[in-house]
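Source file run_19.pdb; content: PDB, N, CA and C atoms.
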```
ATOM      1  N   MET A   1       0.859  -1.165   0.000  1.00  0.00           N
ATOM      2  CA  MET A   1       0.000   0.000   0.000  1.00  0.00           C
ATOM      3  C   MET A   1       0.905   1.229   0.000  1.00  0.00           C
ATOM      4  N   HIS A   2       0.683   2.093  -0.949  1.00  0.00           N
ATOM      5  CA  HIS A   2       1.502   3.288  -1.046  1.00  0.00           C
ATOM      6  C   HIS A   2       0.931   4.441  -0.239  1.00  0.00           C
ATOM      7  N   LYS A   3      -0.391   4.476  -0.089  1.00  0.00           N
ATOM      8  CA  LYS A   3      -1.030   5.512   0.698  1.00  0.00           C
ATOM      9  C   LYS A   3      -1.232   5.004   2.119  1.00  0.00           C
ATOM     10  N   LYS A   4      -1.353   5.930   3.049  1.00  0.00           N
ATOM     11  CA  LYS A   4      -1.692   5.532   4.406  1.00  0.00           C
ATOM     12  C   LYS A   4      -3.202   5.346   4.482  1.00  0.00           C
ATOM     13  N   VAL A   5      -3.610   4.158   4.893  1.00  0.00           N
ATOM     14  CA  VAL A   5      -5.019   3.818   4.998  1.00  0.00           C
ATOM     15  C   VAL A   5      -5.257   3.288   6.404  1.00  0.00           C
ATOM     16  N   TRP A   6      -6.264   3.813   7.075  1.00  0.00           N
ATOM     17  CA  TRP A   6      -6.587   3.352   8.416  1.00  0.00           C
ATOM     18  C   TRP A   6      -7.261   1.998   8.328  1.00  0.00           C
ATOM     19  N   ILE A   7      -6.852   1.097   9.200  1.00  0.00           N
ATOM     20  CA  ILE A   7      -7.443  -0.227   9.272  1.00  0.00           C
ATOM     21  C   ILE A   7      -8.062  -0.374  10.653  1.00  0.00           C
ATOM     22  N   ALA A   8      -9.333  -0.735  10.682  1.00  0.00           N
ATOM     23  CA  ALA A   8     -10.059  -0.883  11.943  1.00  0.00           C
ATOM     24  C   ALA A   8     -10.407  -2.351  12.167  1.00  0.00           C
ATOM     25  N   ALA A   9     -10.803  -2.659  13.383  1.00  0.00           N
ATOM     26  CA  ALA A   9     -11.254  -4.014  13.699  1.00  0.00           C
ATOM     27  C   ALA A   9     -12.423  -4.370  12.792  1.00  0.00           C
ATOM     28  N   GLY A  10     -12.377  -5.538  12.207  1.00  0.00           N
ATOM     29  CA  GLY A  10     -13.448  -5.991  11.326  1.00  0.00           C
ATOM     30  C   GLY A  10     -13.191  -5.741   9.858  1.00  0.00           C
ATOM     31  N   ASP A  11     -12.169  -4.966   9.510  1.00  0.00           N
ATOM     32  CA  ASP A  11     -11.837  -4.735   8.106  1.00  0.00           C
ATOM     33  C   ASP A  11     -11.229  -6.005   7.504  1.00  0.00           C
ATOM     34  N   ILE A  12     -11.511  -6.232   6.240  1.00  0.00           N
ATOM     35  CA  ILE A  12     -10.938  -7.369   5.518  1.00  0.00           C
ATOM     36  C   ILE A  12      -9.730  -6.840   4.752  1.00  0.00           C
ATOM     37  N   ILE A  13      -8.561  -7.455   4.991  1.00  0.00           N
ATOM     38  CA  ILE A  13      -7.330  -6.995   4.348  1.00  0.00           C
ATOM     39  C   ILE A  13      -6.609  -8.170   3.703  1.00  0.00           C
ATOM     40  N   LEU A  14      -5.755  -7.867   2.756  1.00  0.00           N
ATOM     41  CA  LEU A  14      -4.883  -8.836   2.112  1.00  0.00           C
ATOM     42  C   LEU A  14      -3.471  -8.572   2.608  1.00  0.00           C
ATOM     43  N   VAL A  15      -2.814  -9.610   3.118  1.00  0.00           N
ATOM     44  CA  VAL A  15      -1.456  -9.455   3.621  1.00  0.00           C
ATOM     45  C   VAL A  15      -0.509 -10.333   2.818  1.00  0.00           C
ATOM     46  N   GLY A  16       0.726  -9.891   2.742  1.00  0.00           N
ATOM     47  CA  GLY A  16       1.777 -10.661   2.096  1.00  0.00           C
ATOM     48  C   GLY A  16       2.820 -11.038   3.126  1.00  0.00           C
ATOM     49  N   LEU A  17       3.117 -12.327   3.212  1.00  0.00           N
ATOM     50  CA  LEU A  17       4.118 -12.785   4.168  1.00  0.00           C
ATOM     51  C   LEU A  17       5.506 -12.465   3.643  1.00  0.00           C
ATOM     52  N   ARG A  18       6.397 -12.128   4.554  1.00  0.00           N
ATOM     53  CA  ARG A  18       7.766 -11.805   4.176  1.00  0.00           C
ATOM     54  C   ARG A  18       8.601 -13.082   4.124  1.00  0.00           C
ATOM     55  N   ASP A  19       9.415 -13.217   3.076  1.00  0.00           N
ATOM     56  CA  ASP A  19      10.282 -14.387   2.948  1.00  0.00           C
ATOM     57  C   ASP A  19      11.396 -14.371   3.979  1.00  0.00           C
ATOM     58  N   TYR A  20      11.849 -13.205   4.357  1.00  0.00           N
ATOM     59  CA  TYR A  20      13.027 -13.067   5.200  1.00  0.00           C
ATOM     60  C   TYR A  20      12.704 -12.828   6.671  1.00  0.00           C
ATOM     61  N   GLN A  21      11.432 -12.612   7.008  1.00  0.00           N
ATOM     62  CA  GLN A  21      11.017 -12.411   8.405  1.00  0.00           C
ATOM     63  C   GLN A  21       9.738 -13.209   8.640  1.00  0.00           C
ATOM     64  N   ASP A  22       9.862 -14.338   9.298  1.00  0.00           N
ATOM     65  CA  ASP A  22       8.715 -15.224   9.489  1.00  0.00           C
ATOM     66  C   ASP A  22       7.613 -14.634  10.361  1.00  0.00           C
ATOM     67  N   ASP A  23       7.965 -13.725  11.244  1.00  0.00           N
ATOM     68  CA  ASP A  23       6.979 -13.199  12.175  1.00  0.00           C
ATOM     69  C   ASP A  23       6.355 -11.879  11.740  1.00  0.00           C
ATOM     70  N   LYS A  24       6.583 -11.463  10.491  1.00  0.00           N
ATOM     71  CA  LYS A  24       6.022 -10.192  10.014  1.00  0.00           C
ATOM     72  C   LYS A  24       5.354 -10.371   8.654  1.00  0.00           C
ATOM     73  N   ALA A  25       4.401  -9.493   8.392  1.00  0.00           N
ATOM     74  CA  ALA A  25       3.692  -9.480   7.111  1.00  0.00           C
ATOM     75  C   ALA A  25       3.418  -8.035   6.733  1.00  0.00           C
ATOM     76  N   ASP A  26       3.141  -7.794   5.462  1.00  0.00           N
ATOM     77  CA  ASP A  26       2.837  -6.462   4.968  1.00  0.00           C
ATOM     78  C   ASP A  26       1.381  -6.416   4.505  1.00  0.00           C
ATOM     79  N   VAL A  27       0.685  -5.331   4.834  1.00  0.00           N
ATOM     80  CA  VAL A  27      -0.676  -5.130   4.346  1.00  0.00           C
ATOM     81  C   VAL A  27      -0.579  -4.674   2.900  1.00  0.00           C
ATOM     82  N   ILE A  28      -1.192  -5.434   2.012  1.00  0.00           N
ATOM     83  CA  ILE A  28      -1.136  -5.124   0.586  1.00  0.00           C
ATOM     84  C   ILE A  28      -2.375  -4.358   0.141  1.00  0.00           C
ATOM     85  N   LEU A  29      -3.542  -4.731   0.689  1.00  0.00           N
ATOM     86  CA  LEU A  29      -4.794  -4.131   0.228  1.00  0.00           C
ATOM     87  C   LEU A  29      -5.840  -4.185   1.328  1.00  0.00           C
ATOM     88  N   LYS A  30      -6.597  -3.115   1.468  1.00  0.00           N
ATOM     89  CA  LYS A  30      -7.777  -3.104   2.330  1.00  0.00           C
ATOM     90  C   LYS A  30      -8.988  -3.175   1.413  1.00  0.00           C
ATOM     91  N   TYR A  31      -9.794  -4.216   1.589  1.00  0.00           N
ATOM     92  CA  TYR A  31     -10.969  -4.380   0.742  1.00  0.00           C
ATOM     93  C   TYR A  31     -12.079  -3.438   1.179  1.00  0.00           C
ATOM     94  N   MET A  32     -12.741  -2.844   0.212  1.00  0.00           N
ATOM     95  CA  MET A  32     -13.907  -2.014   0.476  1.00  0.00           C
ATOM     96  C   MET A  32     -15.073  -2.946   0.823  1.00  0.00           C
ATOM     97  N   PRO A  33     -16.124  -2.447   1.488  1.00  0.00           N
ATOM     98  CA  PRO A  33     -17.230  -3.321   1.899  1.00  0.00           C
ATOM     99  C   PRO A  33     -17.858  -4.122   0.754  1.00  0.00           C
ATOM    100  N   ASP A  34     -18.043  -3.503  -0.402  1.00  0.00           N
ATOM    101  CA  ASP A  34     -18.644  -4.241  -1.521  1.00  0.00           C
ATOM    102  C   ASP A  34     -17.699  -5.321  -2.046  1.00  0.00           C
ATOM    103  N   GLU A  35     -16.403  -5.064  -2.011  1.00  0.00           N
ATOM    104  CA  GLU A  35     -15.420  -6.069  -2.429  1.00  0.00           C
ATOM    105  C   GLU A  35     -15.405  -7.240  -1.446  1.00  0.00           C
ATOM    106  N   ALA A  36     -15.509  -6.949  -0.153  1.00  0.00           N
ATOM    107  CA  ALA A  36     -15.531  -8.003   0.864  1.00  0.00           C
ATOM    108  C   ALA A  36     -16.772  -8.878   0.710  1.00  0.00           C
ATOM    109  N   ARG A  37     -17.914  -8.269   0.396  1.00  0.00           N
ATOM    110  CA  ARG A  37     -19.136  -9.053   0.172  1.00  0.00           C
ATOM    111  C   ARG A  37     -18.973  -9.970  -1.030  1.00  0.00           C
ATOM    112  N   LEU A  38     -18.325  -9.478  -2.087  1.00  0.00           N
ATOM    113  CA  LEU A  38     -18.081 -10.322  -3.263  1.00  0.00           C
ATOM    114  C   LEU A  38     -17.135 -11.477  -2.930  1.00  0.00           C
ATOM    115  N   LEU A  39     -16.100 -11.211  -2.145  1.00  0.00           N
ATOM    116  CA  LEU A  39     -15.190 -12.283  -1.741  1.00  0.00           C
ATOM    117  C   LEU A  39     -15.933 -13.375  -0.981  1.00  0.00           C
ATOM    118  N   LYS A  40     -16.844 -12.977  -0.108  1.00  0.00           N
ATOM    119  CA  LYS A  40     -17.615 -13.961   0.644  1.00  0.00           C
ATOM    120  C   LYS A  40     -18.562 -14.718  -0.283  1.00  0.00           C
ATOM    121  N   ALA A  41     -19.186 -14.012  -1.216  1.00  0.00           N
ATOM    122  CA  ALA A  41     -20.105 -14.663  -2.158  1.00  0.00           C
ATOM    123  C   ALA A  41     -19.373 -15.654  -3.058  1.00  0.00           C
ATOM    124  N   TYR A  42     -18.130 -15.364  -3.407  1.00  0.00           N
ATOM    125  CA  TYR A  42     -17.331 -16.257  -4.254  1.00  0.00           C
ATOM    126  C   TYR A  42     -16.708 -17.403  -3.474  1.00  0.00           C
ATOM    127  N   GLY A  43     -16.918 -17.428  -2.160  1.00  0.00           N
ATOM    128  CA  GLY A  43     -16.378 -18.499  -1.339  1.00  0.00           C
ATOM    129  C   GLY A  43     -14.914 -18.321  -0.963  1.00  0.00           C
ATOM    130  N   GLU A  44     -14.378 -17.123  -1.119  1.00  0.00           N
ATOM    131  CA  GLU A  44     -12.977 -16.860  -0.778  1.00  0.00           C
ATOM    132  C   GLU A  44     -12.780 -16.585   0.711  1.00  0.00           C
ATOM    133  N   LEU A  45     -13.859 -16.292   1.428  1.00  0.00           N
ATOM    134  CA  LEU A  45     -13.811 -16.078   2.873  1.00  0.00           C
ATOM    135  C   LEU A  45     -14.641 -17.167   3.542  1.00  0.00           C
ATOM    136  N   PRO A  46     -14.264 -17.581   4.745  1.00  0.00           N
ATOM    137  CA  PRO A  46     -15.057 -18.596   5.455  1.00  0.00           C
ATOM    138  C   PRO A  46     -16.493 -18.124   5.684  1.00  0.00           C
ATOM    139  N   GLU A  47     -17.416 -19.066   5.738  1.00  0.00           N
ATOM    140  CA  GLU A  47     -18.834 -18.740   5.923  1.00  0.00           C
ATOM    141  C   GLU A  47     -19.103 -18.018   7.240  1.00  0.00           C
ATOM    142  N   ASN A  48     -18.286 -18.291   8.261  1.00  0.00           N
ATOM    143  CA  ASN A  48     -18.540 -17.672   9.561  1.00  0.00           C
ATOM    144  C   ASN A  48     -17.946 -16.275   9.674  1.00  0.00           C
ATOM    145  N   THR A  49     -17.409 -15.724   8.589  1.00  0.00           N
ATOM    146  CA  THR A  49     -16.864 -14.365   8.593  1.00  0.00           C
ATOM    147  C   THR A  49     -18.012 -13.360   8.680  1.00  0.00           C
ATOM    148  N   ARG A  50     -17.903 -12.447   9.638  1.00  0.00           N
ATOM    149  CA  ARG A  50     -18.923 -11.405   9.805  1.00  0.00           C
ATOM    150  C   ARG A  50     -18.442 -10.149   9.099  1.00  0.00           C
ATOM    151  N   LEU A  51     -19.246  -9.648   8.190  1.00  0.00           N
ATOM    152  CA  LEU A  51     -18.881  -8.455   7.435  1.00  0.00           C
ATOM    153  C   LEU A  51     -19.635  -7.239   7.951  1.00  0.00           C
ATOM    154  N   ASN A  52     -19.002  -6.076   7.822  1.00  0.00           N
ATOM    155  CA  ASN A  52     -19.618  -4.781   8.159  1.00  0.00           C
ATOM    156  C   ASN A  52     -20.076  -4.680   9.596  1.00  0.00           C
ATOM    157  N   GLU A  53     -19.373  -5.343  10.501  1.00  0.00           N
ATOM    158  CA  GLU A  53     -19.746  -5.219  11.905  1.00  0.00           C
ATOM    159  C   GLU A  53     -18.768  -4.330  12.643  1.00  0.00           C
ATOM    160  N   GLY A  54     -17.499  -4.389  12.291  1.00  0.00           N
ATOM    161  CA  GLY A  54     -16.492  -3.507  12.850  1.00  0.00           C
ATOM    162  C   GLY A  54     -16.551  -3.376  14.356  1.00  0.00           C
ATOM    163  N   ILE A  55     -16.132  -2.236  14.852  1.00  0.00           N
ATOM    164  CA  ILE A  55     -16.076  -2.018  16.287  1.00  0.00           C
ATOM    165  C   ILE A  55     -17.481  -1.861  16.871  1.00  0.00           C
ATOM    166  N   ALA A  56     -18.333  -1.103  16.208  1.00  0.00           N
ATOM    167  CA  ALA A  56     -19.646  -0.807  16.772  1.00  0.00           C
ATOM    168  C   ALA A  56     -20.576  -2.014  16.761  1.00  0.00           C
ATOM    169  N   GLY A  57     -20.460  -2.887  15.773  1.00  0.00           N
ATOM    170  CA  GLY A  57     -21.431  -3.959  15.650  1.00  0.00           C
ATOM    171  C   GLY A  57     -21.014  -5.287  16.203  1.00  0.00           C
ATOM    172  N   GLY A  58     -19.733  -5.567  16.367  1.00  0.00           N
ATOM    173  CA  GLY A  58     -19.354  -6.924  16.697  1.00  0.00           C
ATOM    174  C   GLY A  58     -18.655  -7.126  18.017  1.00  0.00           C
ATOM    175  N   ILE A  59     -18.220  -6.097  18.693  1.00  0.00           N
ATOM    176  CA  ILE A  59     -17.445  -6.288  19.904  1.00  0.00           C
ATOM    177  C   ILE A  59     -18.211  -5.704  21.084  1.00  0.00           C
ATOM    178  N   ASP A  60     -18.490  -6.560  22.039  1.00  0.00           N
ATOM    179  CA  ASP A  60     -19.169  -6.128  23.254  1.00  0.00           C
ATOM    180  C   ASP A  60     -18.190  -6.163  24.409  1.00  0.00           C
ATOM    181  N   GLU A  61     -18.465  -5.380  25.441  1.00  0.00           N
ATOM    182  CA  GLU A  61     -17.613  -5.417  26.622  1.00  0.00           C
ATOM    183  C   GLU A  61     -17.723  -6.759  27.329  1.00  0.00           C
ATOM    184  N   GLU A  62     -18.839  -7.470  27.134  1.00  0.00           N
ATOM    185  CA  GLU A  62     -19.027  -8.766  27.755  1.00  0.00           C
ATOM    186  C   GLU A  62     -18.350  -9.874  26.964  1.00  0.00           C
ATOM    187  N   ASP A  63     -17.739  -9.556  25.843  1.00  0.00           N
ATOM    188  CA  ASP A  63     -17.053 -10.536  25.009  1.00  0.00           C
ATOM    189  C   ASP A  63     -15.952 -11.205  25.819  1.00  0.00           C
ATOM    190  N   GLU A  64     -15.747 -12.476  25.609  1.00  0.00           N
ATOM    191  CA  GLU A  64     -14.756 -13.228  26.376  1.00  0.00           C
ATOM    192  C   GLU A  64     -13.391 -13.150  25.724  1.00  0.00           C
ATOM    193  N   GLY A  65     -12.814 -11.970  25.643  1.00  0.00           N
ATOM    194  CA  GLY A  65     -11.465 -11.809  25.152  1.00  0.00           C
ATOM    195  C   GLY A  65     -11.319 -11.856  23.656  1.00  0.00           C
ATOM    196  N   GLY A  66     -12.394 -11.937  22.918  1.00  0.00           N
ATOM    197  CA  GLY A  66     -12.306 -11.937  21.469  1.00  0.00           C
ATOM    198  C   GLY A  66     -11.690 -13.203  20.899  1.00  0.00           C
ATOM    199  N   ALA A  67     -11.918 -14.345  21.528  1.00  0.00           N
ATOM    200  CA  ALA A  67     -11.310 -15.593  21.086  1.00  0.00           C
ATOM    201  C   ALA A  67     -11.775 -15.994  19.690  1.00  0.00           C
ATOM    202  N   ASP A  68     -12.944 -15.554  19.261  1.00  0.00           N
ATOM    203  CA  ASP A  68     -13.452 -15.927  17.942  1.00  0.00           C
ATOM    204  C   ASP A  68     -13.253 -14.822  16.914  1.00  0.00           C
ATOM    205  N   ASP A  69     -12.456 -13.813  17.229  1.00  0.00           N
ATOM    206  CA  ASP A  69     -12.288 -12.672  16.348  1.00  0.00           C
ATOM    207  C   ASP A  69     -11.105 -12.813  15.396  1.00  0.00           C
ATOM    208  N   TYR A  70     -10.840 -14.014  14.952  1.00  0.00           N
ATOM    209  CA  TYR A  70      -9.756 -14.215  14.007  1.00  0.00           C
ATOM    210  C   TYR A  70     -10.140 -15.304  13.026  1.00  0.00           C
ATOM    211  N   ILE A  71      -9.421 -15.358  11.935  1.00  0.00           N
ATOM    212  CA  ILE A  71      -9.628 -16.380  10.913  1.00  0.00           C
ATOM    213  C   ILE A  71      -8.360 -17.196  10.823  1.00  0.00           C
ATOM    214  N   GLU A  72      -8.491 -18.496  10.886  1.00  0.00           N
ATOM    215  CA  GLU A  72      -7.331 -19.365  10.768  1.00  0.00           C
ATOM    216  C   GLU A  72      -7.304 -19.932   9.358  1.00  0.00           C
ATOM    217  N   PHE A  73      -6.192 -19.720   8.669  1.00  0.00           N
ATOM    218  CA  PHE A  73      -6.042 -20.191   7.309  1.00  0.00           C
ATOM    219  C   PHE A  73      -5.194 -21.450   7.291  1.00  0.00           C
ATOM    220  N   GLU A  74      -5.499 -22.337   6.358  1.00  0.00           N
ATOM    221  CA  GLU A  74      -4.698 -23.541   6.192  1.00  0.00           C
ATOM    222  C   GLU A  74      -3.429 -23.199   5.434  1.00  0.00           C
ATOM    223  N   ASP A  75      -2.351 -23.920   5.722  1.00  0.00           N
ATOM    224  CA  ASP A  75      -1.114 -23.743   4.993  1.00  0.00           C
ATOM    225  C   ASP A  75      -1.263 -24.357   3.610  1.00  0.00           C
ATOM    226  N   GLU A  76      -0.886 -23.619   2.588  1.00  0.00           N
ATOM    227  CA  GLU A  76      -0.931 -24.113   1.221  1.00  0.00           C
ATOM    228  C   GLU A  76       0.349 -23.754   0.518  1.00  0.00           C
ATOM    229  N   ASP A  77       0.719 -24.572  -0.407  1.00  0.00           N
ATOM    230  CA  ASP A  77       1.894 -24.309  -1.215  1.00  0.00           C
ATOM    231  C   ASP A  77       1.542 -23.185  -2.195  1.00  0.00           C
ATOM    232  N   ILE A  78       2.292 -22.113  -2.172  1.00  0.00           N
ATOM    233  CA  ILE A  78       1.990 -20.936  -2.994  1.00  0.00           C
ATOM    234  C   ILE A  78       2.041 -21.271  -4.488  1.00  0.00           C
ATOM    235  N   ASP A  79       2.812 -22.270  -4.872  1.00  0.00           N
ATOM    236  CA  ASP A  79       2.902 -22.654  -6.286  1.00  0.00           C
ATOM    237  C   ASP A  79       1.645 -23.337  -6.794  1.00  0.00           C
ATOM    238  N   LYS A  80       0.807 -23.860  -5.897  1.00  0.00           N
ATOM    239  CA  LYS A  80      -0.419 -24.546  -6.296  1.00  0.00           C
ATOM    240  C   LYS A  80      -1.578 -23.580  -6.511  1.00  0.00           C
ATOM    241  N   ILE A  81      -1.433 -22.354  -6.063  1.00  0.00           N
ATOM    242  CA  ILE A  81      -2.529 -21.383  -6.143  1.00  0.00           C
ATOM    243  C   ILE A  81      -2.592 -20.788  -7.525  1.00  0.00           C
TER     244      ILE A  81
END
```

The structure in this file should be written as structure tokens.
Amino acid sequence: MHKKVWIAAGDIILVGLRDYQDDKADVILKYMPDEARLLKAYGELPENTRLNEGIAGGIDEEDEGGADDYIEFEDEDIDKI
């Protein structure tokens, strides 16, 4: 990303893993809400992904630490994609 773009909780982003630093990644793209809906419709996002909820709609103070607020991806060989 060449411009500075604010990323909030609940935003759908594309990250690129670094070859030389295993514990870091770079944000490549922040998807707009309509793009995120298309990704979900095309099956590119898990069915349990909540869209357009962000901070105001999805996080309560009674939440138990946000244990379900992440997506776990399977490891795949990049050459097969």

Could you state the separation of atom CA of A:Leu39 and atom CA of A:Leu14 in Å, given to one decimal place?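 Value for the atom CA of A:Leu39-atom CA of A:Leu14 distance: 11.5 Å.
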
When distances are computed from only C-alpha atoms, which of A:Ile13, A:Leu51, A:Ala41, A:Ala8 shows the smallest separation from A:Val27?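 Closest residue, counting only C-alpha atoms: A:Ile13.
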
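Between atom CA of A:Asp11 and atom CA of A:Tyr42 the interatomic distance comes to 17.8 Å.
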
Nearest candidate to A:Leu29 (options A:Glu44, A:Arg50, A:Gly10, A:Val15; using only N, CA and C atoms):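 Using only N, CA and C atoms, the shortest distance to A:Leu29 belongs to A:Val15.
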
Calculate how many Å separate atom CA of A:Gln21 from atom N of A:Lys40, rounding to one decimal. 29.1 Å

Within 8 Å of A:Ile12, counting only N, CA and C atoms, which residues qualify if same-chain residues fewer than 4 places away don't, as a VMD selection string? chain A and resid 7 to 8 29 to 33 36 51 to 52
